[in-house]
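Worksheet: the structure to be examined is printed underneath.
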Amino acid sequence: MKYGEAFAVPGDHVVITTDTWTEPFWQAAKEHRLTACQCGKCGTFRMPPTPFCPECQSQDTLWPALPGTGTIFSFAICNRSPFPDVADFIYVPVVVDLDGAPGARLVTNLVSINAEDVEIGMRVQVDWNPIQDGWVLPIFKPL
Amino acid sequence: MTWINQDKTAIVGIGATPYYVRGQSYPRTINEMIGTAILAACDDAGLNVKQIDGFAYYSSASAGYTDKMETASIMEMLGIPEVTFTATLTSGGGGSAAGAGLATAAIMNGDATYVVTVMALQQLKQRLGTVFGAVAPSPENSFLQPSGLVGPGHLMSVLARRHMHLYGTTRDAFAEVVISQRENAVNRPKAIRRKPLTKEEYYASPMLADPLCRLDFCLETDGAVAIITSSSGRAKDLKQKPVYIHGVSHGGRREWGRAFGWMGMPDPYFASSGHKSVADRLYAGAGVGPQDIDVALIYDHFSAMVVMQLEDYGFCKQGEGGPFVESGAIRYKGGSIPVNPHGGNLSEAYIIGMTHVVEAVEQLRGTAINQVADAELALVTGGPAPIPVSGMILRRA
């Protein structure tokens, strides 16, 4: 099936909220730095960030700079607009295994590719999509 | 080890409203439908509603995603004088097969005698199909919602894709689930979709979240369904032949966790229904295995998740669900394990799992429309969903 070019969900329709434990991720994204929450004690990664390390229950956190690359773990192809005031468009929600952060994934959009060409295992690199309230959402494009 | 409460409680009454296409239940209110279902279940059991003294909900006592079920409002509406137990399983539709398990906990603890489990659904303002796009994201959900995965089917299409990738599952398997269940719904007066479906028609259905097309998504319907659980001793004095709760389990493993609300599940949990640990515990407690099940009522919000549940419940090995269903194994006519002879959520109606419980009870009373001959054990599953997921085995009296 031919879908054509995949777009990101329009940033002016994307809202996020943050809390004490997730905000460092989003602050880094604002500066176009991809990070993930890592336990400061045992080194285990966890995403989304939560108040305790699920392995050792430590509350120490590190926010290492990641290479910004990753591998597509799975994806869908959507062809309806999620918003009543936006015309239908093609978008590809992807689940990405992040390089440098074993076990940590991001669920976001893949762009700069025709949707029918997306495959599991494909290598991708981060890109940045401005969203509401001055935040920036990491998205991905083919490497 | 055998479950200590095996066969000590029974489902003694079932009741339901008609099933309506989304929004068409108006001008009935959701509490009115809840009341109608409970009164019908009491009538079926031969009970006066004033004898009800317990409520055991699942899905956090939410009716769909936007309405709440409140015991006090139901008592006020129906004149129930006192309750001695009212509680719920957490999260969403994953618990739908274990509402009667919570009721059993109440009854065996001596807290209540006639316990209602009810679910109601009315989609006037917000349809379920895109429900997650309509709510403001929590900090946790802010890591999911911006992807545009706006509804449960969109989320589960990502799991289906991984299953196809790992095991070579094809859309033919999903088609067989949809087509076989449609065939079962054809002669059912209450079913919403009753027209037989061809493979060509399946493949002409528009994609909503590739690899899932519209026909892989279940119905969006309104209605209410209630069941009443009591002790097996009391059940013998009531109107219907009792249907014993032979085993029931809920829960799940951390690797499944928030499931498609998280997407962090490692293989092989990711491309599964998340039910494996619950299924293993259910069978152990019931002292039976998949080979002993006569009819399976498998929660079918999305066709691909039926394939994955058949694997987790041991009807075939993980990864072999596709060829298993394509062999005709789940057909009502001629299958080795008839699945959803009521047409399921895909063709009959979707009331968040309760229609499957009702069908299991009818099968074991011997009154089902598409009766499986001599059915003695029925399996009911809850939705593949964030923890808890659930399963129940019912036994004929």
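By order in the structure tokens, chains are A, B, ...; within a chain, residues start at 1; ligands start at 1, following the order shown.
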
Problem set entry | Contacts of range 109-119 of chain A at 12 Å (only C-alpha atoms; same-chain gap of 6+ positions) as a PyMOL selection string | (chain A and resi 1-11+70-79+89-96+125-129+137-143) or (chain B and resi 143-149+161-162+164-165+209-211)

Exercise. Counting only C-alpha atoms, which residues from chain B have an atom at most 10 Å from any atom of chain A, and could you show them as a count of residues only?
Worked result: 45

For this session: DSSP on the backbone, then: every residue of chain A marked strand (DSSP E), written as number ranges by chain.
Result: A: 37-39, 45-46, 61-62, 69-75, 77-78, 92-98, 105-110, 123-130, 136-142

Take the residues from that selection and write them out as an mmCIF file, in the first residue's frame, keeping C-alpha atoms.
```
data_model
loop_
_atom_site.group_PDB
_atom_site.id
_atom_site.type_symbol
_atom_site.label_atom_id
_atom_site.label_comp_id
_atom_site.auth_asym_id
_atom_site.auth_seq_id
_atom_site.Cartn_x
_atom_site.Cartn_y
_atom_site.Cartn_z
ATOM 1 C CA CYS A 37 16.753 9.056 32.954
ATOM 2 C CA GLN A 38 19.575 6.910 34.375
ATOM 3 C CA CYS A 39 19.948 5.706 37.952
ATOM 4 C CA PHE A 45 17.886 3.479 32.505
ATOM 5 C CA ARG A 46 14.159 4.111 32.843
ATOM 6 C CA THR A 61 19.425 10.402 38.709
ATOM 7 C CA LEU A 62 21.787 11.129 35.860
ATOM 8 C CA THR A 69 20.464 7.671 17.317
ATOM 9 C CA GLY A 70 18.321 4.580 17.721
ATOM 10 C CA THR A 71 16.561 1.623 16.153
ATOM 11 C CA ILE A 72 12.889 1.252 15.276
ATOM 12 C CA PHE A 73 11.382 -1.432 17.552
ATOM 13 C CA SER A 74 7.867 -1.185 16.107
ATOM 14 C CA PHE A 75 5.536 1.321 14.473
ATOM 15 C CA ILE A 77 0.987 3.977 9.978
ATOM 16 C CA CYS A 78 -1.892 6.349 10.616
ATOM 17 C CA VAL A 92 4.079 7.161 11.588
ATOM 18 C CA PRO A 93 4.112 6.648 15.372
ATOM 19 C CA VAL A 94 7.367 4.798 16.153
ATOM 20 C CA VAL A 95 8.739 3.051 19.196
ATOM 21 C CA VAL A 96 12.504 3.649 19.197
ATOM 22 C CA ASP A 97 15.184 1.819 21.192
ATOM 23 C CA LEU A 98 17.636 4.576 22.144
ATOM 24 C CA ARG A 105 12.458 3.794 24.485
ATOM 25 C CA LEU A 106 10.754 6.833 23.063
ATOM 26 C CA VAL A 107 7.337 6.790 21.390
ATOM 27 C CA THR A 108 7.164 9.582 18.864
ATOM 28 C CA ASN A 109 6.954 10.237 15.100
ATOM 29 C CA LEU A 110 9.189 9.315 12.177
ATOM 30 C CA ARG A 123 18.295 3.078 12.076
ATOM 31 C CA VAL A 124 17.077 6.578 12.918
ATOM 32 C CA GLN A 125 18.368 9.838 14.338
ATOM 33 C CA VAL A 126 16.684 12.457 16.429
ATOM 34 C CA ASP A 127 15.140 15.634 15.048
ATOM 35 C CA TRP A 128 13.261 18.352 16.904
ATOM 36 C CA ASN A 129 9.660 19.517 16.621
ATOM 37 C CA PRO A 130 8.578 22.682 18.507
ATOM 38 C CA VAL A 136 10.356 20.812 21.954
ATOM 39 C CA LEU A 137 9.442 17.222 21.109
ATOM 40 C CA PRO A 138 12.102 14.757 19.953
ATOM 41 C CA ILE A 139 11.064 13.052 16.720
ATOM 42 C CA PHE A 140 13.123 10.877 14.399
ATOM 43 C CA LYS A 141 14.236 10.746 10.774
ATOM 44 C CA PRO A 142 16.117 7.997 8.919
#
```

Problem set entry | Near-Asp292 in chain B list (10 Å; only C-alpha atoms; drop same-chain fewer than 5 positions) as an NGL selection string | :B and (283 or 287 or 337 or 376-379)

Exercise. Tell me, which residues of range 103-145 of chain B carry DSSP helix (DSSP H, G or I), written as a ChimeraX atom specification?
Worked result: /B:103-108,128-133,141-143,145

Would you kindly return, as a PDB file with N, CA and C atoms, in the first residue's frame, each protein, DNA or RNA residue with an atom no farther than 8 Å from any atom of range 114-127 of chain B, considering only C-alpha atoms and excluding same-chain residues fewer than 4 positions away?
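As a result, out_30.pdb now contains:
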```
ATOM      1  N   ARG B  22     -23.002   3.186  18.927  1.00  0.00           N
ATOM      2  CA  ARG B  22     -22.527   4.352  19.682  1.00  0.00           C
ATOM      3  C   ARG B  22     -23.449   5.568  19.572  1.00  0.00           C
ATOM      4  N   GLY B  23     -23.894   6.042  20.733  1.00  0.00           N
ATOM      5  CA  GLY B  23     -24.713   7.243  20.800  1.00  0.00           C
ATOM      6  C   GLY B  23     -26.203   6.994  20.693  1.00  0.00           C
ATOM      7  N   SER B  25     -28.144   5.011  22.259  1.00  0.00           N
ATOM      8  CA  SER B  25     -28.877   4.685  23.482  1.00  0.00           C
ATOM      9  C   SER B  25     -29.635   5.901  24.017  1.00  0.00           C
ATOM     10  N   TYR B  26     -29.273   7.088  23.549  1.00  0.00           N
ATOM     11  CA  TYR B  26     -29.985   8.297  23.940  1.00  0.00           C
ATOM     12  C   TYR B  26     -31.460   8.155  23.553  1.00  0.00           C
ATOM     13  N   ILE B  30     -27.129   6.743  31.455  1.00  0.00           N
ATOM     14  CA  ILE B  30     -26.245   5.612  31.786  1.00  0.00           C
ATOM     15  C   ILE B  30     -26.697   4.922  33.071  1.00  0.00           C
ATOM     16  N   MET B  33     -29.520   2.605  32.237  1.00  0.00           N
ATOM     17  CA  MET B  33     -29.078   1.331  31.643  1.00  0.00           C
ATOM     18  C   MET B  33     -28.476   0.409  32.702  1.00  0.00           C
ATOM     19  N   ILE B  34     -27.735   0.984  33.645  1.00  0.00           N
ATOM     20  CA  ILE B  34     -27.186   0.184  34.759  1.00  0.00           C
ATOM     21  C   ILE B  34     -28.332  -0.464  35.533  1.00  0.00           C
ATOM     22  N   ALA B  37     -30.030  -3.323  33.568  1.00  0.00           N
ATOM     23  CA  ALA B  37     -29.228  -4.557  33.537  1.00  0.00           C
ATOM     24  C   ALA B  37     -29.275  -5.276  34.884  1.00  0.00           C
ATOM     25  N   ILE B  38     -29.173  -4.524  35.978  1.00  0.00           N
ATOM     26  CA  ILE B  38     -29.189  -5.156  37.311  1.00  0.00           C
ATOM     27  C   ILE B  38     -30.553  -5.783  37.576  1.00  0.00           C
ATOM     28  N   GLN B  51     -32.360  -7.667  47.778  1.00  0.00           N
ATOM     29  CA  GLN B  51     -31.469  -8.673  48.377  1.00  0.00           C
ATOM     30  C   GLN B  51     -29.996  -8.441  48.003  1.00  0.00           C
ATOM     31  N   ILE B  52     -29.753  -7.595  47.030  1.00  0.00           N
ATOM     32  CA  ILE B  52     -28.356  -7.313  46.638  1.00  0.00           C
ATOM     33  C   ILE B  52     -27.662  -6.600  47.799  1.00  0.00           C
ATOM     34  N   ASP B  53     -26.494  -7.103  48.188  1.00  0.00           N
ATOM     35  CA  ASP B  53     -25.775  -6.456  49.291  1.00  0.00           C
ATOM     36  C   ASP B  53     -24.292  -6.229  48.978  1.00  0.00           C
ATOM     37  N   GLY B  54     -23.901  -6.454  47.729  1.00  0.00           N
ATOM     38  CA  GLY B  54     -22.505  -6.222  47.400  1.00  0.00           C
ATOM     39  C   GLY B  54     -22.301  -5.789  45.961  1.00  0.00           C
ATOM     40  N   PHE B  55     -21.242  -5.032  45.750  1.00  0.00           N
ATOM     41  CA  PHE B  55     -20.850  -4.622  44.396  1.00  0.00           C
ATOM     42  C   PHE B  55     -19.370  -4.901  44.203  1.00  0.00           C
ATOM     43  N   ALA B  56     -19.040  -5.599  43.138  1.00  0.00           N
ATOM     44  CA  ALA B  56     -17.642  -5.912  42.807  1.00  0.00           C
ATOM     45  C   ALA B  56     -17.402  -5.477  41.365  1.00  0.00           C
ATOM     46  N   TYR B  57     -16.792  -4.319  41.215  1.00  0.00           N
ATOM     47  CA  TYR B  57     -16.567  -3.753  39.885  1.00  0.00           C
ATOM     48  C   TYR B  57     -15.167  -4.120  39.376  1.00  0.00           C
ATOM     49  N   TYR B  58     -14.946  -3.832  38.129  1.00  0.00           N
ATOM     50  CA  TYR B  58     -13.588  -3.788  37.590  1.00  0.00           C
ATOM     51  C   TYR B  58     -13.458  -2.452  36.869  1.00  0.00           C
ATOM     52  N   ALA B  63     -17.356   3.641  33.943  1.00  0.00           N
ATOM     53  CA  ALA B  63     -18.226   3.136  32.885  1.00  0.00           C
ATOM     54  C   ALA B  63     -17.687   3.692  31.575  1.00  0.00           C
ATOM     55  N   GLY B  64     -16.946   2.866  30.866  1.00  0.00           N
ATOM     56  CA  GLY B  64     -16.192   3.408  29.739  1.00  0.00           C
ATOM     57  C   GLY B  64     -15.062   4.257  30.305  1.00  0.00           C
ATOM     58  N   THR B  66     -15.332   7.774  30.509  1.00  0.00           N
ATOM     59  CA  THR B  66     -15.754   9.116  30.887  1.00  0.00           C
ATOM     60  C   THR B  66     -16.837   9.135  31.966  1.00  0.00           C
ATOM     61  N   ASP B  67     -17.506   8.011  32.225  1.00  0.00           N
ATOM     62  CA  ASP B  67     -18.549   7.979  33.248  1.00  0.00           C
ATOM     63  C   ASP B  67     -18.105   7.113  34.414  1.00  0.00           C
ATOM     64  N   GLY B  99     -14.183  -9.711  37.711  1.00  0.00           N
ATOM     65  CA  GLY B  99     -15.158  -9.063  38.592  1.00  0.00           C
ATOM     66  C   GLY B  99     -15.811 -10.100  39.494  1.00  0.00           C
ATOM     67  N   ALA B 100     -16.115 -11.257  38.914  1.00  0.00           N
ATOM     68  CA  ALA B 100     -16.717 -12.327  39.717  1.00  0.00           C
ATOM     69  C   ALA B 100     -15.710 -12.926  40.690  1.00  0.00           C
ATOM     70  N   ALA B 103     -15.965 -10.608  43.563  1.00  0.00           N
ATOM     71  CA  ALA B 103     -17.220 -10.964  44.239  1.00  0.00           C
ATOM     72  C   ALA B 103     -17.021 -12.221  45.094  1.00  0.00           C
ATOM     73  N   ILE B 107     -17.705 -12.816  49.057  1.00  0.00           N
ATOM     74  CA  ILE B 107     -18.628 -13.855  49.541  1.00  0.00           C
ATOM     75  C   ILE B 107     -17.908 -14.832  50.470  1.00  0.00           C
ATOM     76  N   VAL B 131     -10.263   8.015  22.298  1.00  0.00           N
ATOM     77  CA  VAL B 131     -10.418   8.615  23.622  1.00  0.00           C
ATOM     78  C   VAL B 131      -9.127   9.218  24.154  1.00  0.00           C
ATOM     79  N   ALA B 134      -8.266  12.812  23.403  1.00  0.00           N
ATOM     80  CA  ALA B 134      -9.204  13.834  23.856  1.00  0.00           C
ATOM     81  C   ALA B 134      -8.914  14.327  25.262  1.00  0.00           C
ATOM     82  N   GLU B 220     -18.066   0.128  18.477  1.00  0.00           N
ATOM     83  CA  GLU B 220     -18.263   1.123  19.525  1.00  0.00           C
ATOM     84  C   GLU B 220     -19.756   1.120  19.816  1.00  0.00           C
ATOM     85  N   THR B 221     -20.116   0.558  20.968  1.00  0.00           N
ATOM     86  CA  THR B 221     -21.534   0.375  21.268  1.00  0.00           C
ATOM     87  C   THR B 221     -21.873   0.948  22.638  1.00  0.00           C
ATOM     88  N   ASP B 222     -23.172   1.130  22.857  1.00  0.00           N
ATOM     89  CA  ASP B 222     -23.708   1.537  24.164  1.00  0.00           C
ATOM     90  C   ASP B 222     -24.497   0.363  24.741  1.00  0.00           C
ATOM     91  N   GLY B 223     -24.610   0.346  26.054  1.00  0.00           N
ATOM     92  CA  GLY B 223     -25.428  -0.662  26.714  1.00  0.00           C
ATOM     93  C   GLY B 223     -24.889  -0.947  28.102  1.00  0.00           C
ATOM     94  N   ALA B 224     -25.562  -1.858  28.804  1.00  0.00           N
ATOM     95  CA  ALA B 224     -25.102  -2.258  30.134  1.00  0.00           C
ATOM     96  C   ALA B 224     -25.343  -3.748  30.310  1.00  0.00           C
ATOM     97  N   VAL B 225     -24.438  -4.386  31.059  1.00  0.00           N
ATOM     98  CA  VAL B 225     -24.538  -5.819  31.358  1.00  0.00           C
ATOM     99  C   VAL B 225     -24.227  -5.998  32.841  1.00  0.00           C
ATOM    100  N   ALA B 226     -25.031  -6.817  33.520  1.00  0.00           N
ATOM    101  CA  ALA B 226     -24.786  -7.111  34.938  1.00  0.00           C
ATOM    102  C   ALA B 226     -24.811  -8.611  35.160  1.00  0.00           C
ATOM    103  N   ILE B 227     -23.991  -9.064  36.115  1.00  0.00           N
ATOM    104  CA  ILE B 227     -24.064 -10.455  36.571  1.00  0.00           C
ATOM    105  C   ILE B 227     -24.173 -10.446  38.095  1.00  0.00           C
ATOM    106  N   ILE B 228     -24.715 -11.528  38.643  1.00  0.00           N
ATOM    107  CA  ILE B 228     -24.802 -11.673  40.099  1.00  0.00           C
ATOM    108  C   ILE B 228     -24.069 -12.942  40.498  1.00  0.00           C
ATOM    109  N   THR B 229     -23.171 -12.791  41.474  1.00  0.00           N
ATOM    110  CA  THR B 229     -22.418 -13.928  42.004  1.00  0.00           C
ATOM    111  C   THR B 229     -22.908 -14.204  43.422  1.00  0.00           C
ATOM    112  N   SER B 230     -23.027 -15.488  43.766  1.00  0.00           N
ATOM    113  CA  SER B 230     -23.404 -15.864  45.135  1.00  0.00           C
ATOM    114  C   SER B 230     -22.682 -17.152  45.510  1.00  0.00           C
ATOM    115  N   ILE B 351     -19.166  -4.206  25.398  1.00  0.00           N
ATOM    116  CA  ILE B 351     -19.479  -3.607  26.700  1.00  0.00           C
ATOM    117  C   ILE B 351     -18.315  -3.955  27.634  1.00  0.00           C
ATOM    118  N   ILE B 352     -17.114  -3.712  27.158  1.00  0.00           N
ATOM    119  CA  ILE B 352     -15.888  -3.846  27.950  1.00  0.00           C
ATOM    120  C   ILE B 352     -15.815  -5.221  28.623  1.00  0.00           C
ATOM    121  N   MET B 354     -18.054  -7.685  29.304  1.00  0.00           N
ATOM    122  CA  MET B 354     -19.135  -8.375  30.017  1.00  0.00           C
ATOM    123  C   MET B 354     -19.951  -9.298  29.114  1.00  0.00           C
TER     124      MET B 354
END
```

Problem set entry | From B:Leu238, B:Ile245, B:Ala185, B:Met108, residue lying nearest Asp43 in chain B [only C-alpha atoms] | B:Leu238

For this session: Just the residues within 6 Å of Gly391 in chain B, please, counting only C-alpha atoms, with nothing from its chain fewer than 4 positions along; format it as a list of chain:residue names.
Result: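 The contact residues come out as B:Ala97, B:Val248, B:Ser249, B:Val380, B:Thr381, B:Gly382.
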
Problem set entry | Best match for closeness to Ala16 in chain B among B:Ala106, B:Leu215, B:Lys68, B:Val357, counting only C-alpha atoms |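 Ranking B:Ala106, B:Leu215, B:Lys68, B:Val357 by distance to Ala16 in chain B, first place goes to B:Val357.
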
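Excluding Gly285 in chain B itself and any same-chain residue fewer than 3 positions from it, the protein and nucleic acid residues within 8 Å of it, counting only C-alpha atoms, are B:Met1, B:Thr2, B:Trp3, B:Gln6, B:Gly247, B:Val248, B:Arg281, B:Leu282.
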